[in-house]
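Peer 1: Coordinates in query39.cif, mmCIF, C-alpha atoms, are listed below.
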data_run
loop_
_atom_site.label_atom_id
_atom_site.label_comp_id
_atom_site.auth_asym_id
_atom_site.auth_seq_id
_atom_site.Cartn_x
_atom_site.Cartn_y
_atom_site.Cartn_z
CA MET A 1214 37.08 -24.13 45.37
CA SER A 1215 40.67 -25.29 45.66
CA CYS A 1216 43.11 -26.18 48.40
CA PHE A 1217 45.08 -23.17 49.68
CA GLU A 1218 42.80 -20.53 48.22
CA THR A 1219 41.43 -17.16 49.24
CA SER A 1220 38.17 -16.31 47.52
CA THR A 1221 35.96 -13.20 47.55
CA PHE A 1222 32.23 -13.13 46.81
CA LEU A 1223 31.40 -9.54 45.93
CA LYS A 1224 27.84 -8.38 46.49
CA ASN A 1225 26.50 -6.71 43.36
CA PRO A 1226 25.02 -3.44 44.74
CA GLN A 1227 22.61 -3.24 41.81
CA VAL A 1228 21.06 -6.62 42.54
CA PHE A 1229 18.72 -7.08 45.48
CA LYS A 1230 17.73 -10.48 46.82
CA THR A 1231 13.92 -10.63 47.03
CA GLU A 1232 13.89 -12.05 50.57
CA VAL A 1233 16.27 -9.36 51.82
CA PHE A 1234 14.32 -6.65 49.98
CA ILE A 1235 11.17 -7.69 51.87
CA GLU A 1236 13.00 -7.60 55.21
CA ALA A 1237 14.36 -4.12 54.45
CA VAL A 1238 10.88 -2.87 53.48
CA LYS A 1239 9.51 -4.21 56.77
CA LYS A 1240 12.09 -2.17 58.67
CA PHE A 1241 10.54 1.00 57.19
CA ASN A 1242 6.97 -0.17 57.85
CA TRP A 1243 6.12 0.16 54.19
CA GLU A 1244 3.24 -1.92 52.86
CA TYR A 1245 4.08 -4.41 50.12
CA GLU A 1246 2.54 -7.07 47.93
CA ILE A 1247 4.18 -10.25 46.65
CA LYS A 1248 3.34 -10.68 42.97
CA SER A 1249 5.50 -13.76 42.38
CA ASN A 1250 8.73 -15.38 43.59
CA ASN A 1251 10.66 -12.80 41.57
CA GLU A 1252 8.48 -9.71 41.92
CA VAL A 1253 7.42 -7.64 44.94
CA ILE A 1254 5.91 -4.17 44.92
CA VAL A 1255 5.73 -1.52 47.65
CA THR A 1256 2.12 -0.37 47.66
CA LYS A 1257 2.15 2.27 50.37
CA ILE A 1258 4.69 4.63 51.94
CA PRO A 1259 3.59 6.91 54.83
CA ASN A 1260 2.81 10.52 53.82
CA THR A 1261 2.97 9.67 50.12
CA ASN A 1262 0.01 9.73 47.73
CA LEU A 1263 0.58 7.20 44.98
CA HIS A 1264 -2.93 7.38 43.49
CA GLY A 1265 -3.17 3.60 43.62
CA GLU A 1266 0.13 3.05 41.80
CA TYR A 1267 3.17 1.17 43.14
CA ALA A 1268 5.99 3.09 44.86
CA ILE A 1269 8.99 0.78 44.49
CA LYS A 1270 9.26 -2.53 42.70
CA ILE A 1271 11.75 -5.39 42.65
CA LYS A 1272 11.67 -7.78 39.70
CA ASN A 1273 14.36 -10.38 39.01
CA GLY A 1274 16.63 -8.64 41.52
CA ILE A 1275 16.42 -5.18 39.96
CA VAL A 1276 14.82 -2.35 41.94
CA THR A 1277 12.96 0.50 40.25
CA TYR A 1278 10.72 3.26 41.59
CA ASN A 1279 7.69 5.14 40.32
CA SER A 1280 9.34 8.38 39.18
CA TYR A 1281 6.00 10.01 38.30
CA TYR A 1282 4.45 9.91 41.77
CA LEU A 1283 7.55 9.33 43.90
CA LYS A 1284 9.63 12.50 43.56
CA ASN A 1285 12.05 11.48 46.34
CA GLY A 1286 12.47 7.99 44.92
CA LYS A 1287 16.27 8.18 44.63
CA ASP A 1288 16.61 9.14 48.30
CA LEU A 1289 14.27 6.34 49.36
CA ILE A 1290 16.27 3.83 47.34
CA LYS A 1291 19.46 5.00 49.08
CA GLU A 1292 17.80 4.55 52.47
CA LEU A 1293 16.67 1.11 51.39
CA GLN A 1294 20.19 0.24 50.24
CA ARG A 1295 21.70 1.25 53.59
CA GLU A 1296 19.27 -1.02 55.39
CA PHE A 1297 19.79 -3.65 52.71
CA PHE A 1298 23.56 -3.71 53.23
CA ALA A 1299 23.11 -4.34 56.96
CA LEU A 1300 20.69 -7.14 56.17
CA ASN A 1301 23.17 -8.47 53.61
CA VAL A 1302 25.49 -9.48 56.44
CA GLU A 1303 22.72 -11.65 57.87
CA TYR A 1304 21.84 -12.95 54.42
CA ALA A 1305 25.48 -13.73 53.59
CA LYS A 1306 25.86 -15.83 56.74
CA LYS A 1307 22.55 -17.59 56.10
CA THR A 1308 23.66 -18.34 52.51
CA ILE A 1309 26.97 -19.85 53.64
CA LEU A 1310 25.30 -22.00 56.29
CA THR A 1311 22.56 -23.15 53.92
CA GLU A 1312 24.94 -24.14 51.12
CA PHE A 1313 27.60 -25.80 53.27
CA GLU A 1314 25.27 -27.54 55.70
CA SER A 1315 23.35 -28.96 52.73
CA VAL A 1316 26.51 -30.87 51.69
CA GLY A 1317 27.41 -32.06 55.18
CA PHE A 1318 29.53 -29.29 56.72
CA SER A 1319 28.88 -27.92 60.20
CA LEU A 1320 29.39 -24.50 61.79
CA LYS A 1321 32.30 -23.78 64.14
CA LYS A 1322 32.20 -20.39 65.87
CA ASP A 1323 35.29 -18.21 66.20
CA TYR A 1324 35.11 -17.28 69.88
CA ASP A 1325 38.22 -15.08 69.64
CA PHE A 1326 36.76 -12.84 66.94
CA GLU A 1327 35.34 -9.43 67.83
CA PRO A 1328 33.31 -7.57 65.15
CA ASN A 1329 34.81 -4.29 63.94
CA GLU A 1330 33.96 -1.52 61.50
CA GLU A 1331 34.95 -3.56 58.44
CA VAL A 1332 34.46 -7.22 59.40
CA LYS A 1333 31.12 -8.10 61.00
CA GLU A 1334 31.25 -11.91 61.12
CA LYS A 1335 33.94 -14.60 61.18
CA PHE A 1336 33.47 -18.35 61.58
CA PHE A 1337 34.45 -21.73 60.13
CA MET A 1338 32.64 -24.45 58.21
CA VAL A 1339 33.95 -27.91 59.11
CA GLY A 1340 33.82 -31.02 56.95
CA TYR A 1341 35.12 -34.58 57.34
CA SER A 1342 36.55 -36.88 54.69
CA LYS A 1343 35.21 -40.41 54.31
CA LEU A 1344 38.21 -41.62 52.32
CA GLU A 1345 39.91 -44.58 54.01
CA ASN A 1346 43.39 -43.61 52.85
CA GLU A 1347 43.05 -39.96 53.91
CA ASP A 1348 45.30 -39.09 56.87
CA GLU A 1349 43.88 -35.57 57.37
CA LYS A 1350 40.14 -36.11 57.47
CA ARG A 1351 39.07 -32.86 59.15
CA THR A 1352 38.77 -29.65 57.09
CA GLU A 1353 38.11 -26.11 58.31
CA ILE A 1354 37.24 -23.35 55.83
CA GLU A 1355 37.29 -19.85 57.30
CA PHE A 1356 34.65 -17.28 56.33
CA SER A 1357 34.66 -13.54 56.98
CA ILE A 1358 31.71 -11.27 56.16
CA LEU A 1359 32.39 -7.58 55.55
CA LYS A 1360 30.07 -4.70 56.45
CA ASP A 1361 28.35 -4.69 53.04
CA GLY A 1362 27.80 -8.44 52.98
CA THR A 1363 30.86 -9.33 50.90
CA ILE A 1364 32.15 -12.82 51.77
CA ILE A 1365 35.83 -13.79 51.97
CA SER A 1366 36.75 -17.47 52.32
CA ASP A 1367 40.14 -18.94 53.16
CA SER A 1368 41.13 -22.60 52.79
CA ASN A 1369 44.20 -24.75 53.30
CA TYR A 1370 44.40 -28.47 52.63
CA ILE A 1371 41.10 -30.12 51.62
CA PRO A 1372 40.71 -33.89 51.04
CA TYR A 1373 39.44 -34.91 47.62
CA ASP A 1374 35.88 -35.89 48.61
CA VAL A 1375 35.41 -32.83 50.83
CA HIS A 1376 36.86 -30.77 47.97
CA GLU A 1377 33.97 -31.81 45.71
CA LEU A 1378 31.37 -30.93 48.34
CA ALA A 1379 32.96 -27.54 48.98
CA ASP A 1380 32.93 -26.83 45.23
CA LYS A 1381 29.20 -27.44 45.13
CA ALA A 1382 28.56 -25.18 48.13
CA MET A 1383 30.72 -22.38 46.72
CA GLU A 1384 28.85 -22.52 43.42
CA GLY A 1385 25.61 -22.08 45.36
CA ILE A 1386 26.98 -18.97 47.11
CA GLU A 1387 28.17 -17.57 43.80
CA LYS A 1388 24.73 -18.01 42.26
CA SER A 1389 23.07 -16.29 45.22
CA PHE A 1390 25.42 -13.33 44.98
CA GLY A 1391 24.96 -12.77 41.26
CA ASN A 1392 28.67 -12.35 40.55
CA THR A 1393 31.14 -14.77 38.98
CA ARG A 1394 34.54 -14.97 40.65
CA ARG A 1395 37.54 -14.51 38.37
CA GLU A 1396 40.84 -16.34 38.59
CA GLY A 1397 43.61 -14.05 39.84
CA MET A 1398 41.14 -11.42 41.00
CA GLU A 1399 38.39 -12.70 43.30
CA ILE A 1400 40.10 -16.10 43.41
CA LYS A 1401 43.70 -16.01 44.66
CA ARG A 1402 45.93 -19.04 45.17
CA LYS A 1403 48.24 -19.43 48.12
CA GLU A 1404 51.57 -21.24 47.94
CA ILE A 1405 51.13 -24.98 48.47
CA PRO A 1406 53.39 -26.31 51.25
CA VAL A 1407 55.92 -28.93 50.19
CA ARG A 1408 54.21 -31.69 52.18
CA TYR A 1409 51.11 -31.36 49.97
CA LYS A 1410 52.85 -31.16 46.60
CA ASN A 1411 52.36 -34.88 45.99
CA LYS A 1412 48.58 -34.61 46.36
CA ALA A 1413 47.78 -33.84 42.74
CA TYR A 1414 44.26 -32.55 43.32
CA CYS A 1415 45.75 -29.79 45.50
CA SER A 1416 46.74 -27.89 42.37
CA ALA A 1417 46.90 -24.23 41.53
CA SER A 1418 43.78 -24.44 39.36
CA ASN A 1419 40.14 -24.18 40.25
CA LYS A 1420 39.39 -27.70 39.10
CA ILE A 1421 39.76 -30.88 41.07
CA ILE A 1422 42.39 -33.17 39.58
CA ALA A 1423 41.96 -36.75 40.68
CA LYS A 1424 44.99 -38.30 42.31
CA ASN A 1425 46.38 -41.32 40.44
#
Please express what this file holds, its structure, as structure tokens.

Peer 2:
Amino acid sequence: MSCFETSTFLKNPQVFKTEVFIEAVKKFNWEYEIKSNNEVIVTKIPNTNLHGEYAIKIKNGIVTYNSYYLKNGKDLIKELQREFFALNVEYAKKTILTEFESVGFSLKKDYDFEPNEEVKEKFFMVGYSKLENEDEKRTEIEFSILKDGTIISDSNYIPYDVHELADKAMEGIEKSFGNTRREGMEIKRKEIPVRYKNKAYCSASNKIIAKN
């Protein structure tokens, strides 16, 4: 990520995360079987005769259903998606915390925020620079999570070493969400204040430029 940037991580509605899929299935009390890290099948749905076949399957993030025995499969998938989106909010927060805490950031709650219809979570990840010459060592990156699990981040000035760590964490979130952010679309640059113009790595690109 860059200094003075707003970034959006869109949740691909066609891609389910296996862990979240399992949690959604549990909410419906459906029976399931884990075939591998990337494949889980629903083996039993109440009041449905599957003749020993699977009902719904997730493999490599893609969900399919047994159209031969499951005549209401499309409706069941929609129900699953509604539950999935709610769980996505929890998953999105967990993903942010996992990725940023793994590189040394810590959580700061936003006690003034009240959840609403569109925005369900808002908080900050805080990092500290270890550079001796850095006069602004503390960094706060704001995160908002929308009702479908979409993540929006907002940053201002970030010291060079914290910048590198934040880049790594953001790449981890991007991988988990299955969508690549695009410059000018999901990634939008804010105007850099005059006082930061001389810090070369605070540039309007998505790459860190080392200061001479």

Peer 1: Using CA of Lys1321 (chain A) and CA of Phe1337 (chain A) as the two end points, give the distance in Å to one decimal.

Peer 2: 5.0 Å

Peer 1: Any chance you could work out the residue set of the PyMOL selection byres ((chain A and resi 1332) around 9) here, as a ChimeraX atom specification?

Peer 2: /A:1327-1331,1333-1335,1357-1360

Peer 1: Have a look at CA of Lys1287 (chain A) and CA of Ala1305 (chain A) and let me know their distance in Å, one decimal.

Peer 2: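 Going from CA of Lys1287 (chain A) over to CA of Ala1305 (chain A) covers 25.4 Å.
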
Peer 1: May I ask which of the residues A:Asp1361, A:Glu1377, A:Glu1345, A:Glu1246 is the closest one to Leu1223 (chain A), counting all atoms listed in the file?

Peer 2: A:Asp1361

Peer 1: So, counting all atoms listed in the file, which residue among A:Asp1367, A:Glu1404, A:Glu1232, A:Glu1347 is closest to Lys1307 (chain A)?

Peer 2: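 When distances to Lys1307 (chain A) are compared using all atoms listed in the file, the smallest one comes from A:Glu1232.
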
Peer 1: What's the 7 Å shell around region 1265-1271 of chain A, counting all atoms listed in the file, without same-chain residues fewer than 2 positions away, as a PDB file with C-alpha atoms, in the frame of the given file?

Peer 2:
ATOM      1  CA  GLU A1252       8.480  -9.710  41.920  1.00  0.00           C
ATOM      2  CA  VAL A1253       7.420  -7.640  44.940  1.00  0.00           C
ATOM      3  CA  ILE A1254       5.910  -4.170  44.920  1.00  0.00           C
ATOM      4  CA  VAL A1255       5.730  -1.520  47.650  1.00  0.00           C
ATOM      5  CA  THR A1256       2.120  -0.370  47.660  1.00  0.00           C
ATOM      6  CA  LYS A1257       2.150   2.270  50.370  1.00  0.00           C
ATOM      7  CA  LEU A1263       0.580   7.200  44.980  1.00  0.00           C
ATOM      8  CA  ASN A1273      14.360 -10.380  39.010  1.00  0.00           C
ATOM      9  CA  GLY A1274      16.630  -8.640  41.520  1.00  0.00           C
ATOM     10  CA  ILE A1275      16.420  -5.180  39.960  1.00  0.00           C
ATOM     11  CA  VAL A1276      14.820  -2.350  41.940  1.00  0.00           C
ATOM     12  CA  THR A1277      12.960   0.500  40.250  1.00  0.00           C
ATOM     13  CA  TYR A1278      10.720   3.260  41.590  1.00  0.00           C
ATOM     14  CA  ASN A1279       7.690   5.140  40.320  1.00  0.00           C
ATOM     15  CA  LEU A1283       7.550   9.330  43.900  1.00  0.00           C
TER      16      LEU A1283
END

Peer 1: One decimal, in Å: what's the spacing between CA of Lys1343 (chain A) and CA of Cys1415 (chain A)?

Peer 2: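 For CA of Lys1343 (chain A) relative to CA of Cys1415 (chain A), the distance reads 17.4 Å.
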
Peer 1: My structure is short of atoms at region 1359-1378 of chain A; please model N, CA and C atoms there, returning them as a PDB file, in the coordinates of the input.

Peer 2:
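Below you can see result20.pdb, which holds the result:
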ATOM      1  N   LEU A1359      32.124  -9.003  55.395  1.00  0.00           N
ATOM      2  CA  LEU A1359      32.390  -7.580  55.550  1.00  0.00           C
ATOM      3  C   LEU A1359      31.088  -6.803  55.778  1.00  0.00           C
ATOM      4  N   LYS A1360      31.211  -5.521  56.052  1.00  0.00           N
ATOM      5  CA  LYS A1360      30.070  -4.700  56.450  1.00  0.00           C
ATOM      6  C   LYS A1360      28.983  -4.577  55.386  1.00  0.00           C
ATOM      7  N   ASP A1361      29.334  -4.776  54.111  1.00  0.00           N
ATOM      8  CA  ASP A1361      28.350  -4.690  53.040  1.00  0.00           C
ATOM      9  C   ASP A1361      27.816  -6.054  52.615  1.00  0.00           C
ATOM     10  N   GLY A1362      28.263  -7.108  53.319  1.00  0.00           N
ATOM     11  CA  GLY A1362      27.800  -8.440  52.980  1.00  0.00           C
ATOM     12  C   GLY A1362      28.745  -9.220  52.092  1.00  0.00           C
ATOM     13  N   THR A1363      29.856  -8.611  51.684  1.00  0.00           N
ATOM     14  CA  THR A1363      30.860  -9.330  50.900  1.00  0.00           C
ATOM     15  C   THR A1363      31.435 -10.475  51.729  1.00  0.00           C
ATOM     16  N   ILE A1364      31.617 -11.627  51.087  1.00  0.00           N
ATOM     17  CA  ILE A1364      32.150 -12.820  51.770  1.00  0.00           C
ATOM     18  C   ILE A1364      33.593 -13.062  51.322  1.00  0.00           C
ATOM     19  N   ILE A1365      34.459 -13.374  52.280  1.00  0.00           N
ATOM     20  CA  ILE A1365      35.830 -13.790  51.970  1.00  0.00           C
ATOM     21  C   ILE A1365      36.059 -15.147  52.612  1.00  0.00           C
ATOM     22  N   SER A1366      36.465 -16.124  51.805  1.00  0.00           N
ATOM     23  CA  SER A1366      36.750 -17.470  52.320  1.00  0.00           C
ATOM     24  C   SER A1366      38.250 -17.722  52.259  1.00  0.00           C
ATOM     25  N   ASP A1367      38.725 -18.598  53.145  1.00  0.00           N
ATOM     26  CA  ASP A1367      40.140 -18.940  53.160  1.00  0.00           C
ATOM     27  C   ASP A1367      40.266 -20.433  53.471  1.00  0.00           C
ATOM     28  N   SER A1368      40.970 -21.150  52.606  1.00  0.00           N
ATOM     29  CA  SER A1368      41.130 -22.600  52.790  1.00  0.00           C
ATOM     30  C   SER A1368      42.586 -22.997  52.740  1.00  0.00           C
ATOM     31  N   ASN A1369      42.881 -24.116  53.386  1.00  0.00           N
ATOM     32  CA  ASN A1369      44.200 -24.750  53.300  1.00  0.00           C
ATOM     33  C   ASN A1369      44.018 -26.116  52.654  1.00  0.00           C
ATOM     34  N   TYR A1370      44.550 -27.161  53.244  1.00  0.00           N
ATOM     35  CA  TYR A1370      44.400 -28.470  52.630  1.00  0.00           C
ATOM     36  C   TYR A1370      42.972 -28.983  52.749  1.00  0.00           C
ATOM     37  N   ILE A1371      42.446 -29.536  51.639  1.00  0.00           N
ATOM     38  CA  ILE A1371      41.100 -30.120  51.620  1.00  0.00           C
ATOM     39  C   ILE A1371      41.169 -31.493  50.968  1.00  0.00           C
ATOM     40  N   PRO A1372      40.734 -32.554  51.651  1.00  0.00           N
ATOM     41  CA  PRO A1372      40.710 -33.890  51.040  1.00  0.00           C
ATOM     42  C   PRO A1372      39.822 -33.907  49.802  1.00  0.00           C
ATOM     43  N   TYR A1373      40.106 -34.860  48.926  1.00  0.00           N
ATOM     44  CA  TYR A1373      39.440 -34.910  47.620  1.00  0.00           C
ATOM     45  C   TYR A1373      37.918 -34.925  47.707  1.00  0.00           C
ATOM     46  N   ASP A1374      37.339 -35.789  48.560  1.00  0.00           N
ATOM     47  CA  ASP A1374      35.880 -35.890  48.610  1.00  0.00           C
ATOM     48  C   ASP A1374      35.236 -34.648  49.233  1.00  0.00           C
ATOM     49  N   VAL A1375      35.911 -34.061  50.224  1.00  0.00           N
ATOM     50  CA  VAL A1375      35.410 -32.830  50.830  1.00  0.00           C
ATOM     51  C   VAL A1375      35.531 -31.680  49.838  1.00  0.00           C
ATOM     52  N   HIS A1376      36.593 -31.741  49.044  1.00  0.00           N
ATOM     53  CA  HIS A1376      36.860 -30.770  47.970  1.00  0.00           C
ATOM     54  C   HIS A1376      35.650 -30.659  47.044  1.00  0.00           C
ATOM     55  N   GLU A1377      35.121 -31.794  46.621  1.00  0.00           N
ATOM     56  CA  GLU A1377      33.970 -31.810  45.710  1.00  0.00           C
ATOM     57  C   GLU A1377      32.739 -31.181  46.340  1.00  0.00           C
ATOM     58  N   LEU A1378      32.523 -31.482  47.625  1.00  0.00           N
ATOM     59  CA  LEU A1378      31.370 -30.930  48.340  1.00  0.00           C
ATOM     60  C   LEU A1378      31.510 -29.420  48.510  1.00  0.00           C
TER      61      LEU A1378
END
